[in-house]
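Asks: Okay, here's the structure, questions in a sec.
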Amino acid sequence: MKAKGTRRGELVVETLIRVAGFSAIFFVALIFLFLLKEGLPAFWETSLGNLFGKRWYPNEGLYGTLPLLMGSLLVTAGAVAIAVPLGLATAVFIRELAPGWLREILKPLIEVLAGIPSVVLGFLGMVAIAPIVRETLNVPTGLTAFTGSLMLAYMALPTIISVAEDAIDAVPKTYRDGALALGATHWQTIWRVVLPSARSGVIIAVMLGIGRAIGETMAVMLVTGNAARIPREWYALFLPVRTMTATIAAEMGEVAQGSTHYHVLFAVGILLFAVTFVINAIASAVIIQGGPRRGGRLMG
């Protein structure tokens with residue numbers, strides 16, 4: 001009787017887990033279908049030349065998404081250039097170099113930083129970081145793509161650090177001991193054994209950081225200036241831009257439901273989804289192509 005009751009309980013738990021798993025897939029599919037339903041009409045309500053044009057001015061029927069796409073990529077690229085080196089260096093320091101007592105302080109502190117609301121960080125960037133950028137770089141306004149990159153880098157750092165640190169921590173201690181026994185220095189062990197072995201986890205950490213940056217809304221809407229312009233100049237990082245997410249957030253509440261402008265905003269969401277999908281596909285291809293890494297080369 002006891003065995004039968006245990007088996008019945010296992011079946012209930014398995015069923016609940018299976019239902020929860022299929023429900024998650026089902027809800028994601030519903031969201032995607034709704035996005036397609038509301039966004040696809042934009043492709044026949046306006047021409048492709050207009051939809052992928054260089055000017056975003058809906059009041060005059062101009063729905064060029066190119067400035068929004070370029071603005072998002074510019075801000076995200078700046079954030080990645082700042083966050084990835086700092087995040088990986090911090091993860092290596094916490095796991096490989098920091099003493100135990102300091103590690104126990106830094107890890108919870110970094111996780112707490114990840115919980116700060118984005119609107120708070122955006123407001124902080126607008127009132128504190130933007131004036132510093134304006135005065136330091138001697139630019140007309142501190143609400144620039146660079147300011148947005150700084151804030152997004154700060155927001156992506158906790159994710160990159162936590163995931164990368166877990167990946168580095170998962171590398172077996174025998175790899176480190178073997179490298180040191182062969183005469184490698186501590187830094188050679190980290191650079192040529194530990195990091196190559198943790199390659200998949202590190203790439204996932206970077207991709208999660210990029211996803212956090214490119215999908216952020218409130219912070220970039222507050223600090224990037226919201227100027228729908230194509231960044232052509234070499235100093236475009238220090239000029240105002242407008243991102244896809246900020247455009248959707250700023251204008252969705254003001255448009256008439258069912259209008260061309262309404263459908264174009266959903267089309268921008270489809271474009272954002274496509275960009276994110278391409279980034280994730282590239283990351284997956286890199287991980288699969290690299291294959292499992294069982295340690296690096298000590299001689300280069």
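Residues in the structure tokens are numbered from 1 in each chain, the chains being A, B, ... in the order shown, and ligands are numbered from 1 in the order shown.
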Near region 249-260 of chain A, counting only C-alpha atoms, which residues have an atom at most 9 Å away, once you skip same-chain residues fewer than 2 positions from it, shown as a list of chain:residue names?
Replies: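 Counting only the stated atoms, we get A:Glu38, A:Pro41, A:Ala42, A:Glu45, A:Thr46, A:Gly61, A:Thr217, A:Met218, A:Met221, A:Met244, A:Thr245, A:Ala246, A:Thr247, A:Tyr262, A:His263, A:Val264, A:Leu265.
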Asks: Output N, CA, C and O atoms of each residue in that selection to a file, as a compact mmCIF listing (two decimals), in the first residue's frame.
Replies:
```
# COMPACT_ATOMS: atom_id res chain seq x y z
N GLU A 38 -0.52 41.56 -34.48
CA GLU A 38 -0.60 43.01 -34.44
C GLU A 38 0.49 43.70 -35.26
O GLU A 38 0.32 44.85 -35.66
N PRO A 41 0.38 43.44 -40.03
CA PRO A 41 -0.33 44.39 -40.90
C PRO A 41 0.48 45.62 -41.28
O PRO A 41 0.21 46.24 -42.31
N ALA A 42 1.50 45.96 -40.50
CA ALA A 42 2.32 47.13 -40.84
C ALA A 42 3.06 46.94 -42.15
O ALA A 42 3.34 47.93 -42.85
N GLU A 45 0.41 47.85 -44.79
CA GLU A 45 -0.20 49.17 -44.62
C GLU A 45 0.75 50.30 -45.01
O GLU A 45 0.31 51.42 -45.28
N THR A 46 2.04 50.00 -45.02
CA THR A 46 3.04 50.98 -45.44
C THR A 46 4.09 50.25 -46.26
O THR A 46 4.28 49.04 -46.11
N GLY A 61 3.54 60.36 -41.27
CA GLY A 61 3.48 59.07 -41.95
C GLY A 61 4.83 58.48 -42.28
O GLY A 61 4.93 57.61 -43.15
N THR A 217 14.39 49.09 -21.20
CA THR A 217 13.49 50.14 -21.70
C THR A 217 13.61 51.44 -20.92
O THR A 217 14.01 52.47 -21.45
N MET A 218 13.25 51.42 -19.64
CA MET A 218 13.11 52.66 -18.88
C MET A 218 14.42 53.42 -18.76
O MET A 218 14.44 54.65 -18.92
N MET A 221 15.36 55.06 -22.04
CA MET A 221 14.41 56.10 -22.41
C MET A 221 14.70 57.39 -21.65
O MET A 221 14.47 58.49 -22.16
N MET A 244 14.77 51.05 -29.95
CA MET A 244 13.50 50.43 -30.27
C MET A 244 12.62 50.28 -29.04
O MET A 244 11.41 50.56 -29.07
N THR A 245 13.20 49.83 -27.95
CA THR A 245 12.41 49.62 -26.73
C THR A 245 11.86 50.94 -26.20
O THR A 245 10.71 51.01 -25.75
N ALA A 246 12.67 52.00 -26.23
CA ALA A 246 12.21 53.30 -25.74
C ALA A 246 11.09 53.84 -26.61
O ALA A 246 10.15 54.47 -26.10
N THR A 247 11.16 53.60 -27.90
CA THR A 247 10.11 54.07 -28.81
C THR A 247 8.79 53.38 -28.51
O THR A 247 7.73 54.03 -28.45
N TYR A 262 0.15 52.16 -34.71
CA TYR A 262 0.00 51.09 -33.72
C TYR A 262 0.63 49.80 -34.24
O TYR A 262 1.41 49.14 -33.54
N HIS A 263 0.33 49.45 -35.48
CA HIS A 263 0.88 48.22 -36.06
C HIS A 263 2.38 48.33 -36.27
O HIS A 263 3.11 47.34 -36.10
N VAL A 264 2.88 49.50 -36.61
CA VAL A 264 4.32 49.68 -36.82
C VAL A 264 5.08 49.49 -35.51
O VAL A 264 6.18 48.92 -35.50
N LEU A 265 4.51 49.94 -34.40
CA LEU A 265 5.17 49.74 -33.12
C LEU A 265 5.30 48.25 -32.81
O LEU A 265 6.33 47.80 -32.26
```
Asks: Using only C-alpha atoms, which of A:Leu157, A:Ile287, A:Ile214, A:Ala219 sits nearest Ala274 (chain A)?
Replies: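 Of A:Leu157, A:Ile287, A:Ile214, A:Ala219, the one nearest Ala274 (chain A) is A:Ile214, counting only C-alpha atoms.
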Asks: Can you check which residues of region 150-197 of chain A DSSP gives as alpha helix (DSSP H) on the backbone and send them as a ChimeraX atom specification?
Replies: /A:150-169,173-181,186-189,195-197
Asks: What is the CA of Tyr175 (chain A) to CA of Leu97 (chain A) distance in Å?
Replies: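 Those two atoms sit 16.4 Å apart.
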Asks: For region 138-143 of chain A, list every protein, DNA or RNA residue within 9 Å, evaluated using only C-alpha atoms, and leave out those in the same chain fewer than 3 positions away; present the list as a PyMOL selection string.
Replies: chain A and resi 125-126+129-135+146-148+222-226+238-241
Asks: Find, counting only C-alpha atoms, the residue in A:Leu16, A:Leu66, A:Val92, A:Ala285 that gets nearest to Trp187 (chain A).
Replies: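 Using only C-alpha atoms, Trp187 (chain A) sits closest to A:Val92.
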Asks: Ranking A:Leu102, A:Leu121, A:Ile31, A:Leu73 by minimum distance to Tyr154 (chain A) and counting only C-alpha atoms, which one comes first?
Replies: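 Closest residue, counting only C-alpha atoms: A:Leu121.
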Asks: Which residues, written as a ChimeraX atom specification, have at least one atom at most 8 Å from Ile161 (chain A), with only C-alpha atoms counted and residues fewer than 4 positions away on the same chain left out?
Replies: /A:87-88,90-91,110,157,165,205
Asks: Which is closest to Gly78 (chain A) among A:Ala283, A:Leu51, A:Ala213, A:Val119, if we use only C-alpha atoms?
Replies: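 Nearest to Gly78 (chain A): A:Ala213.
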Asks: What does the distance between CA of Trp56 (chain A) and CA of Leu74 (chain A) come to in Å, to one decimal place?
Replies: 17.1 Å
Asks: From the options A:Val278, A:Ala228, A:Ile203, A:Ala98, which residue's atoms come nearest to Gly64 (chain A), counting only C-alpha atoms?
Replies: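 That would be A:Ala228, the residue with the smallest distance to Gly64 (chain A).
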Asks: Work out how far CA of Leu150 (chain A) is from CA of Ile82 (chain A), in Å to one decimal.
Replies: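 Separating CA of Ile82 (chain A) from CA of Leu150 (chain A) is a distance of 7.5 Å.
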Asks: Just list as a VMD selection string whatever in region 53-186 of chain A DSSP marks as strand (DSSP E).
Replies: chain A and resid 56 to 57 62 to 63
Asks: Looking at only C-alpha atoms, which of A:Ser47, A:Thr15, A:Ser284, A:Thr65 is the one that sits closest to Phe266 (chain A)?
Replies: A:Thr65
